[in-house]
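Q: data.tsv is reproduced below (TSV, C-alpha atoms).
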```tsv
chain	number	residue	atom	x	y	z
A	852	MET	CA	15.87	-10.96	7.82
A	853	GLY	CA	15.18	-13.20	4.82
A	854	GLU	CA	12.52	-15.82	4.35
A	855	VAL	CA	15.00	-18.66	4.84
A	856	GLU	CA	16.19	-17.17	8.12
A	857	ASN	CA	12.57	-16.84	9.30
A	858	PHE	CA	12.02	-20.50	8.49
A	859	LEU	CA	15.25	-21.40	10.29
A	860	ASP	CA	14.18	-19.47	13.40
A	861	ALA	CA	10.73	-21.08	13.40
A	862	SER	CA	12.32	-24.53	13.05
A	863	GLN	CA	14.81	-23.89	15.85
A	864	ASP	CA	12.04	-22.62	18.14
A	865	LEU	CA	10.04	-25.78	17.52
A	866	LEU	CA	13.06	-28.01	18.02
A	867	SER	CA	13.96	-26.34	21.32
A	868	HIS	CA	10.35	-26.67	22.52
A	869	LEU	CA	10.39	-30.39	21.70
A	870	ALA	CA	13.57	-30.95	23.71
A	871	THR	CA	11.70	-32.26	26.77
A	872	ILE	CA	8.36	-33.99	27.03
A	873	PRO	CA	6.47	-32.76	30.11
A	874	SER	CA	4.47	-34.79	32.58
A	875	ASP	CA	0.77	-35.56	32.15
A	876	ASP	CA	-0.37	-32.38	33.92
A	877	GLU	CA	1.44	-30.00	31.58
A	878	ARG	CA	0.92	-31.93	28.36
A	879	THR	CA	-2.10	-29.92	27.16
A	880	GLU	CA	-0.21	-26.63	27.19
A	881	PHE	CA	2.78	-28.38	25.62
A	882	ILE	CA	0.70	-29.67	22.70
A	883	ASP	CA	-1.00	-26.28	22.29
A	884	GLN	CA	2.40	-24.62	22.04
A	885	ILE	CA	3.49	-27.24	19.49
A	886	ASN	CA	0.46	-26.33	17.37
A	887	VAL	CA	1.30	-22.62	17.58
A	888	LEU	CA	4.91	-23.26	16.59
A	889	LEU	CA	3.89	-25.57	13.75
A	890	ASP	CA	1.52	-22.89	12.43
A	891	ALA	CA	4.33	-20.32	12.52
A	892	ARG	CA	6.60	-22.76	10.71
A	893	GLU	CA	3.91	-23.46	8.12
A	894	GLU	CA	3.60	-19.73	7.40
A	895	ALA	CA	7.37	-19.53	6.93
A	896	ILE	CA	7.25	-22.54	4.58
A	897	GLN	CA	4.52	-20.94	2.49
A	898	LYS	CA	6.71	-17.88	2.05
A	899	LEU	CA	9.58	-20.15	1.01
A	900	ASP	CA	7.61	-21.62	-1.89
A	901	LYS	CA	8.47	-18.55	-3.93
A	902	THR	CA	12.22	-19.03	-3.50
A	903	ASN	CA	14.51	-21.86	-4.53
A	904	ILE	CA	15.73	-23.10	-1.16
A	905	SER	CA	17.80	-26.01	-2.49
A	906	THR	CA	20.49	-23.57	-3.63
A	907	HIS	CA	20.66	-21.74	-0.30
A	908	VAL	CA	23.69	-22.03	1.98
A	909	LEU	CA	21.58	-23.22	4.94
A	910	TYR	CA	19.78	-25.96	2.98
A	911	ASN	CA	21.65	-28.90	4.56
A	912	HIS	CA	21.25	-27.43	8.04
A	913	LEU	CA	17.50	-27.02	7.46
A	914	ARG	CA	17.20	-30.63	6.32
A	915	GLU	CA	18.93	-31.83	9.49
A	916	LEU	CA	16.65	-29.65	11.62
A	917	ASP	CA	13.63	-31.09	9.84
A	918	LYS	CA	14.78	-34.65	10.52
A	919	SER	CA	15.30	-33.86	14.19
A	920	ILE	CA	11.90	-32.18	14.46
A	921	ASN	CA	10.18	-35.18	12.86
A	922	GLU	CA	11.94	-37.61	15.21
A	923	ARG	CA	10.95	-35.61	18.29
A	924	LEU	CA	7.37	-35.18	17.10
A	925	GLU	CA	7.25	-38.95	16.60
A	926	LYS	CA	8.43	-39.45	20.20
A	927	VAL	CA	5.74	-37.09	21.50
A	928	MET	CA	3.10	-38.86	19.43
A	929	ASN	CA	4.23	-42.27	20.73
A	930	VAL	CA	3.99	-41.03	24.33
A	931	VAL	CA	0.46	-39.76	23.72
A	932	LYS	CA	-0.49	-43.01	21.95
A	933	GLY	CA	0.86	-44.98	24.90
A	934	ASP	CA	-1.21	-42.92	27.32
A	935	ILE	CA	-4.34	-43.45	25.23
A	936	LYS	CA	-3.65	-47.19	25.11
A	937	ASP	CA	-3.17	-47.29	28.89
A	938	LEU	CA	-6.42	-45.38	29.42
A	939	GLN	CA	-8.35	-47.76	27.18
A	940	GLN	CA	-6.86	-50.73	29.01
A	941	LYS	CA	-7.87	-49.23	32.37
A	942	LYS	CA	-11.42	-48.73	31.09
A	943	ARG	CA	-11.55	-52.35	29.90
A	944	HIS	CA	-10.20	-53.57	33.23
A	945	GLU	CA	-12.72	-51.47	35.17
A	946	THR	CA	-15.58	-52.81	33.07
A	947	SER	CA	-14.45	-56.39	33.61
A	948	TYR	CA	-14.09	-55.71	37.33
A	949	THR	CA	-17.65	-54.42	37.69
A	950	ASN	CA	-19.12	-57.36	35.71
A	951	PRO	CA	-16.60	-60.22	35.62
A	952	TYR	CA	-18.97	-62.66	33.90
A	953	ALA	CA	-20.02	-60.39	31.03
A	954	ALA	CA	-17.86	-62.31	28.58
A	955	THR	CA	-19.37	-65.65	29.58
A	956	GLN	CA	-23.04	-64.70	29.54
A	957	THR	CA	-24.61	-66.39	26.55
A	958	LEU	CA	-28.01	-67.79	25.88
A	959	ASP	CA	-26.60	-70.74	24.01
A	960	GLY	CA	-26.75	-73.99	25.95
A	961	MET	CA	-28.82	-72.77	28.89
A	962	TYR	CA	-31.25	-75.18	30.49
A	963	PHE	CA	-34.36	-74.08	32.32
A	964	ASP	CA	-36.10	-76.62	34.52
A	965	ASN	CA	-39.82	-76.05	34.27
A	966	LYS	CA	-40.73	-78.69	36.90
A	967	LYS	CA	-41.75	-77.62	40.34
```
Let me see the file written as C-alpha cells.
A:
Amino acid sequence: MGEVENFLDASQDLLSHLATIPSDDERTEFIDQINVLLDAREEAIQKLDKTNISTHVLYNHLRELDKSINERLEKVMNVVKGDIKDLQQKKRHETSYTNPYAATQTLDGMYFDNKK
C-alpha cells in the first residue's frame, strides 16, 4: 500500500471515530482515541512530504475528507468548550450562594459609631 493510501486510511479512521460525540462519562477515552488517530495521521502526513500529492488521483477526495475532519473536530471542541463554560458558571454560582454579599462588601462609605 502506498503512502497516499496510508494517509487516506488514517483520515477515514479519524473521520469514522468523529461520527458521534459520546456522553460526558466516555469523553476522556474518546479524546484519547482522537489523539492516537491524529498522531497516526500526522505520521502518514510526514511520509507524504516526500511525494507530490497534488497530482495524485485521490487528491480531491483527501481534501474533502480533511474538511469534514476539521468540521467534526470543531464540533467536538465546541462541546468541550461549552462544558468548561458550564462548569465555570456552576463554580461562580456556588461561590455566590455560599457568600451572597461578597460582591457588596466594601470598606468605602462605612460608618462606625464610636459612642456608647
Q: Between CA of Glu880 (chain A) and CA of Glu856 (chain A), what is the spacing in Å?
A: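 Taking CA of Glu856 (chain A) and CA of Glu880 (chain A), their separation equals 26.9 Å.
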Q: May I have the residues within 9 Å of region 889-905 of chain A as a VMD selection string, using only C-alpha atoms and disregarding those fewer than 5 positions away in the same chain?
A: chain A and resid 854 to 855 857 to 862 865 884 910 to 911
Q: Based on the selection just made, write C-alpha atoms of those residues as an mmCIF file, in the coordinates of the input.
A:
```
data_model
loop_
_atom_site.group_PDB
_atom_site.id
_atom_site.type_symbol
_atom_site.label_atom_id
_atom_site.label_comp_id
_atom_site.auth_asym_id
_atom_site.auth_seq_id
_atom_site.Cartn_x
_atom_site.Cartn_y
_atom_site.Cartn_z
ATOM 1 C CA GLU A 854 12.520 -15.820 4.350
ATOM 2 C CA VAL A 855 15.000 -18.660 4.840
ATOM 3 C CA ASN A 857 12.570 -16.840 9.300
ATOM 4 C CA PHE A 858 12.020 -20.500 8.490
ATOM 5 C CA LEU A 859 15.250 -21.400 10.290
ATOM 6 C CA ASP A 860 14.180 -19.470 13.400
ATOM 7 C CA ALA A 861 10.730 -21.080 13.400
ATOM 8 C CA SER A 862 12.320 -24.530 13.050
ATOM 9 C CA LEU A 865 10.040 -25.780 17.520
ATOM 10 C CA GLN A 884 2.400 -24.620 22.040
ATOM 11 C CA TYR A 910 19.780 -25.960 2.980
ATOM 12 C CA ASN A 911 21.650 -28.900 4.560
#
```
Q: Between CA of Lys932 (chain A) and CA of Ser874 (chain A), what is the distance, to one decimal in Å?
A: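 Going from CA of Lys932 (chain A) over to CA of Ser874 (chain A), I get 14.3 Å.
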Q: So which residues touch region 933-950 of chain A within 10 Å, counting all atoms listed in the file, skipping near sequence neighbours fewer than 5 positions away, as a ChimeraX atom specification?
A: /A:875,927-928
Q: Those same residues - C-alpha atoms - I'd like them written as a tab-separated table (two decimals), in the coordinates of the input.
A:
```
chain	number	residue	atom	x	y	z
A	875	ASP	CA	0.77	-35.56	32.15
A	927	VAL	CA	5.74	-37.09	21.50
A	928	MET	CA	3.10	-38.86	19.43
```
Q: So which one's closest to Leu916 (chain A), A:Gly853, A:Ser867, A:Asp964, A:Val887? Using only C-alpha atoms, please.
A: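 Checking each candidate against Leu916 (chain A), we get A:Ser867 as the closest.
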Q: What does the distance between CA of Ser919 (chain A) and CA of Ile882 (chain A) come to in Å, to one decimal place?
A: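 It comes out at 17.4 Å.
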Q: Have a look at A:Val931, A:Lys966, A:Glu925, A:Ile920 and name the one nearest to Pro873 (chain A); count all atoms listed in the file.
A: A:Val931
Q: Between A:His907, A:Arg923, A:His868, A:Lys918, single out the one closest to Leu888 (chain A), counting all atoms listed in the file.
A: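 Between A:His907, A:Arg923, A:His868, A:Lys918, the residue approaching Leu888 (chain A) most closely is A:His868.
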Q: Using the structure block above, produce a file of region 928-941 of chain A that contains all heavy atoms, as a PDB file, in the first residue's frame.
A:
```
ATOM      1  N   MET A 928     -14.694  20.263  19.808  1.00  0.00           N
ATOM      2  CA  MET A 928     -14.072  21.309  20.610  1.00  0.00           C
ATOM      3  C   MET A 928     -15.131  22.263  21.174  1.00  0.00           C
ATOM      4  O   MET A 928     -15.025  22.692  22.324  1.00  0.00           O
ATOM      5  CB  MET A 928     -13.056  22.088  19.769  1.00  0.00           C
ATOM      6  CG  MET A 928     -12.155  22.948  20.606  1.00  0.00           C
ATOM      7  SD  MET A 928     -10.647  23.529  19.814  1.00  0.00           S
ATOM      8  CE  MET A 928     -11.185  24.187  18.295  1.00  0.00           C
ATOM      9  N   ASN A 929     -16.166  22.564  20.395  1.00  0.00           N
ATOM     10  CA  ASN A 929     -17.227  23.437  20.896  1.00  0.00           C
ATOM     11  C   ASN A 929     -18.015  22.779  22.028  1.00  0.00           C
ATOM     12  O   ASN A 929     -18.421  23.455  22.975  1.00  0.00           O
ATOM     13  CB  ASN A 929     -18.163  23.833  19.756  1.00  0.00           C
ATOM     14  CG  ASN A 929     -17.530  24.833  18.823  1.00  0.00           C
ATOM     15  OD1 ASN A 929     -16.607  25.561  19.195  1.00  0.00           O
ATOM     16  ND2 ASN A 929     -18.003  24.876  17.590  1.00  0.00           N
ATOM     17  N   VAL A 930     -18.217  21.469  21.944  1.00  0.00           N
ATOM     18  CA  VAL A 930     -18.903  20.758  23.028  1.00  0.00           C
ATOM     19  C   VAL A 930     -18.070  20.814  24.303  1.00  0.00           C
ATOM     20  O   VAL A 930     -18.592  21.089  25.392  1.00  0.00           O
ATOM     21  CB  VAL A 930     -19.199  19.299  22.616  1.00  0.00           C
ATOM     22  CG1 VAL A 930     -19.634  18.471  23.808  1.00  0.00           C
ATOM     23  CG2 VAL A 930     -20.257  19.261  21.537  1.00  0.00           C
ATOM     24  N   VAL A 931     -16.775  20.590  24.180  1.00  0.00           N
ATOM     25  CA  VAL A 931     -15.892  20.628  25.341  1.00  0.00           C
ATOM     26  C   VAL A 931     -15.825  22.048  25.905  1.00  0.00           C
ATOM     27  O   VAL A 931     -15.873  22.249  27.124  1.00  0.00           O
ATOM     28  CB  VAL A 931     -14.489  20.088  24.974  1.00  0.00           C
ATOM     29  CG1 VAL A 931     -13.512  20.307  26.114  1.00  0.00           C
ATOM     30  CG2 VAL A 931     -14.565  18.611  24.622  1.00  0.00           C
ATOM     31  N   LYS A 932     -15.744  23.046  25.033  1.00  0.00           N
ATOM     32  CA  LYS A 932     -15.733  24.443  25.489  1.00  0.00           C
ATOM     33  C   LYS A 932     -17.021  24.781  26.235  1.00  0.00           C
ATOM     34  O   LYS A 932     -16.992  25.478  27.252  1.00  0.00           O
ATOM     35  CB  LYS A 932     -15.577  25.393  24.305  1.00  0.00           C
ATOM     36  CG  LYS A 932     -14.185  25.542  23.787  1.00  0.00           C
ATOM     37  CD  LYS A 932     -14.163  26.543  22.646  1.00  0.00           C
ATOM     38  CE  LYS A 932     -12.807  26.669  22.026  1.00  0.00           C
ATOM     39  NZ  LYS A 932     -12.818  27.618  20.890  1.00  0.00           N
ATOM     40  N   GLY A 933     -18.143  24.301  25.720  1.00  0.00           N
ATOM     41  CA  GLY A 933     -19.427  24.533  26.384  1.00  0.00           C
ATOM     42  C   GLY A 933     -19.469  23.898  27.759  1.00  0.00           C
ATOM     43  O   GLY A 933     -19.982  24.495  28.714  1.00  0.00           O
ATOM     44  N   ASP A 934     -18.932  22.693  27.880  1.00  0.00           N
ATOM     45  CA  ASP A 934     -18.886  22.029  29.184  1.00  0.00           C
ATOM     46  C   ASP A 934     -18.003  22.789  30.164  1.00  0.00           C
ATOM     47  O   ASP A 934     -18.337  22.916  31.350  1.00  0.00           O
ATOM     48  CB  ASP A 934     -18.396  20.593  29.040  1.00  0.00           C
ATOM     49  CG  ASP A 934     -19.422  19.699  28.371  1.00  0.00           C
ATOM     50  OD1 ASP A 934     -20.598  20.113  28.276  1.00  0.00           O
ATOM     51  OD2 ASP A 934     -19.041  18.588  27.951  1.00  0.00           O
ATOM     52  N   ILE A 935     -16.872  23.289  29.687  1.00  0.00           N
ATOM     53  CA  ILE A 935     -15.978  24.064  30.551  1.00  0.00           C
ATOM     54  C   ILE A 935     -16.664  25.351  30.989  1.00  0.00           C
ATOM     55  O   ILE A 935     -16.587  25.735  32.157  1.00  0.00           O
ATOM     56  CB  ILE A 935     -14.648  24.360  29.828  1.00  0.00           C
ATOM     57  CG1 ILE A 935     -13.852  23.069  29.667  1.00  0.00           C
ATOM     58  CG2 ILE A 935     -13.833  25.402  30.575  1.00  0.00           C
ATOM     59  CD1 ILE A 935     -12.619  23.215  28.796  1.00  0.00           C
ATOM     60  N   LYS A 936     -17.371  25.991  30.070  1.00  0.00           N
ATOM     61  CA  LYS A 936     -18.088  27.225  30.407  1.00  0.00           C
ATOM     62  C   LYS A 936     -19.172  26.948  31.448  1.00  0.00           C
ATOM     63  O   LYS A 936     -19.342  27.713  32.398  1.00  0.00           O
ATOM     64  CB  LYS A 936     -18.700  27.818  29.144  1.00  0.00           C
ATOM     65  CG  LYS A 936     -19.367  29.146  29.350  1.00  0.00           C
ATOM     66  CD  LYS A 936     -19.889  29.684  28.034  1.00  0.00           C
ATOM     67  CE  LYS A 936     -20.634  30.982  28.238  1.00  0.00           C
ATOM     68  NZ  LYS A 936     -21.187  31.487  26.976  1.00  0.00           N
ATOM     69  N   ASP A 937     -19.911  25.853  31.274  1.00  0.00           N
ATOM     70  CA  ASP A 937     -20.945  25.482  32.243  1.00  0.00           C
ATOM     71  C   ASP A 937     -20.346  25.201  33.614  1.00  0.00           C
ATOM     72  O   ASP A 937     -20.909  25.593  34.644  1.00  0.00           O
ATOM     73  CB  ASP A 937     -21.718  24.260  31.767  1.00  0.00           C
ATOM     74  CG  ASP A 937     -22.604  24.558  30.575  1.00  0.00           C
ATOM     75  OD1 ASP A 937     -22.867  25.749  30.307  1.00  0.00           O
ATOM     76  OD2 ASP A 937     -23.020  23.591  29.912  1.00  0.00           O
ATOM     77  N   LEU A 938     -19.208  24.524  33.642  1.00  0.00           N
ATOM     78  CA  LEU A 938     -18.544  24.220  34.903  1.00  0.00           C
ATOM     79  C   LEU A 938     -18.097  25.494  35.610  1.00  0.00           C
ATOM     80  O   LEU A 938     -18.280  25.636  36.823  1.00  0.00           O
ATOM     81  CB  LEU A 938     -17.347  23.293  34.663  1.00  0.00           C
ATOM     82  CG  LEU A 938     -16.569  22.861  35.896  1.00  0.00           C
ATOM     83  CD1 LEU A 938     -17.459  22.016  36.807  1.00  0.00           C
ATOM     84  CD2 LEU A 938     -15.336  22.091  35.491  1.00  0.00           C
ATOM     85  N   GLN A 939     -17.530  26.424  34.854  1.00  0.00           N
ATOM     86  CA  GLN A 939     -17.104  27.687  35.458  1.00  0.00           C
ATOM     87  C   GLN A 939     -18.303  28.474  35.986  1.00  0.00           C
ATOM     88  O   GLN A 939     -18.238  29.097  37.042  1.00  0.00           O
ATOM     89  CB  GLN A 939     -16.325  28.515  34.444  1.00  0.00           C
ATOM     90  CG  GLN A 939     -14.967  27.966  34.141  1.00  0.00           C
ATOM     91  CD  GLN A 939     -14.267  28.716  33.026  1.00  0.00           C
ATOM     92  OE1 GLN A 939     -14.894  29.442  32.267  1.00  0.00           O
ATOM     93  NE2 GLN A 939     -12.961  28.517  32.918  1.00  0.00           N
ATOM     94  N   GLN A 940     -19.407  28.435  35.257  1.00  0.00           N
ATOM     95  CA  GLN A 940     -20.604  29.130  35.710  1.00  0.00           C
ATOM     96  C   GLN A 940     -21.156  28.488  36.979  1.00  0.00           C
ATOM     97  O   GLN A 940     -21.595  29.184  37.900  1.00  0.00           O
ATOM     98  CB  GLN A 940     -21.652  29.120  34.607  1.00  0.00           C
ATOM     99  CG  GLN A 940     -22.867  29.961  34.919  1.00  0.00           C
ATOM    100  CD  GLN A 940     -23.818  30.009  33.744  1.00  0.00           C
ATOM    101  OE1 GLN A 940     -23.658  29.296  32.762  1.00  0.00           O
ATOM    102  NE2 GLN A 940     -24.827  30.852  33.848  1.00  0.00           N
ATOM    103  N   LYS A 941     -21.109  27.161  37.069  1.00  0.00           N
ATOM    104  CA  LYS A 941     -21.560  26.476  38.283  1.00  0.00           C
ATOM    105  C   LYS A 941     -20.684  26.845  39.471  1.00  0.00           C
ATOM    106  O   LYS A 941     -21.183  27.044  40.578  1.00  0.00           O
ATOM    107  CB  LYS A 941     -21.548  24.967  38.075  1.00  0.00           C
ATOM    108  CG  LYS A 941     -22.668  24.459  37.220  1.00  0.00           C
ATOM    109  CD  LYS A 941     -22.587  22.957  37.033  1.00  0.00           C
ATOM    110  CE  LYS A 941     -23.645  22.460  36.093  1.00  0.00           C
ATOM    111  NZ  LYS A 941     -23.534  21.007  35.837  1.00  0.00           N
TER     112      LYS A 941
END
```
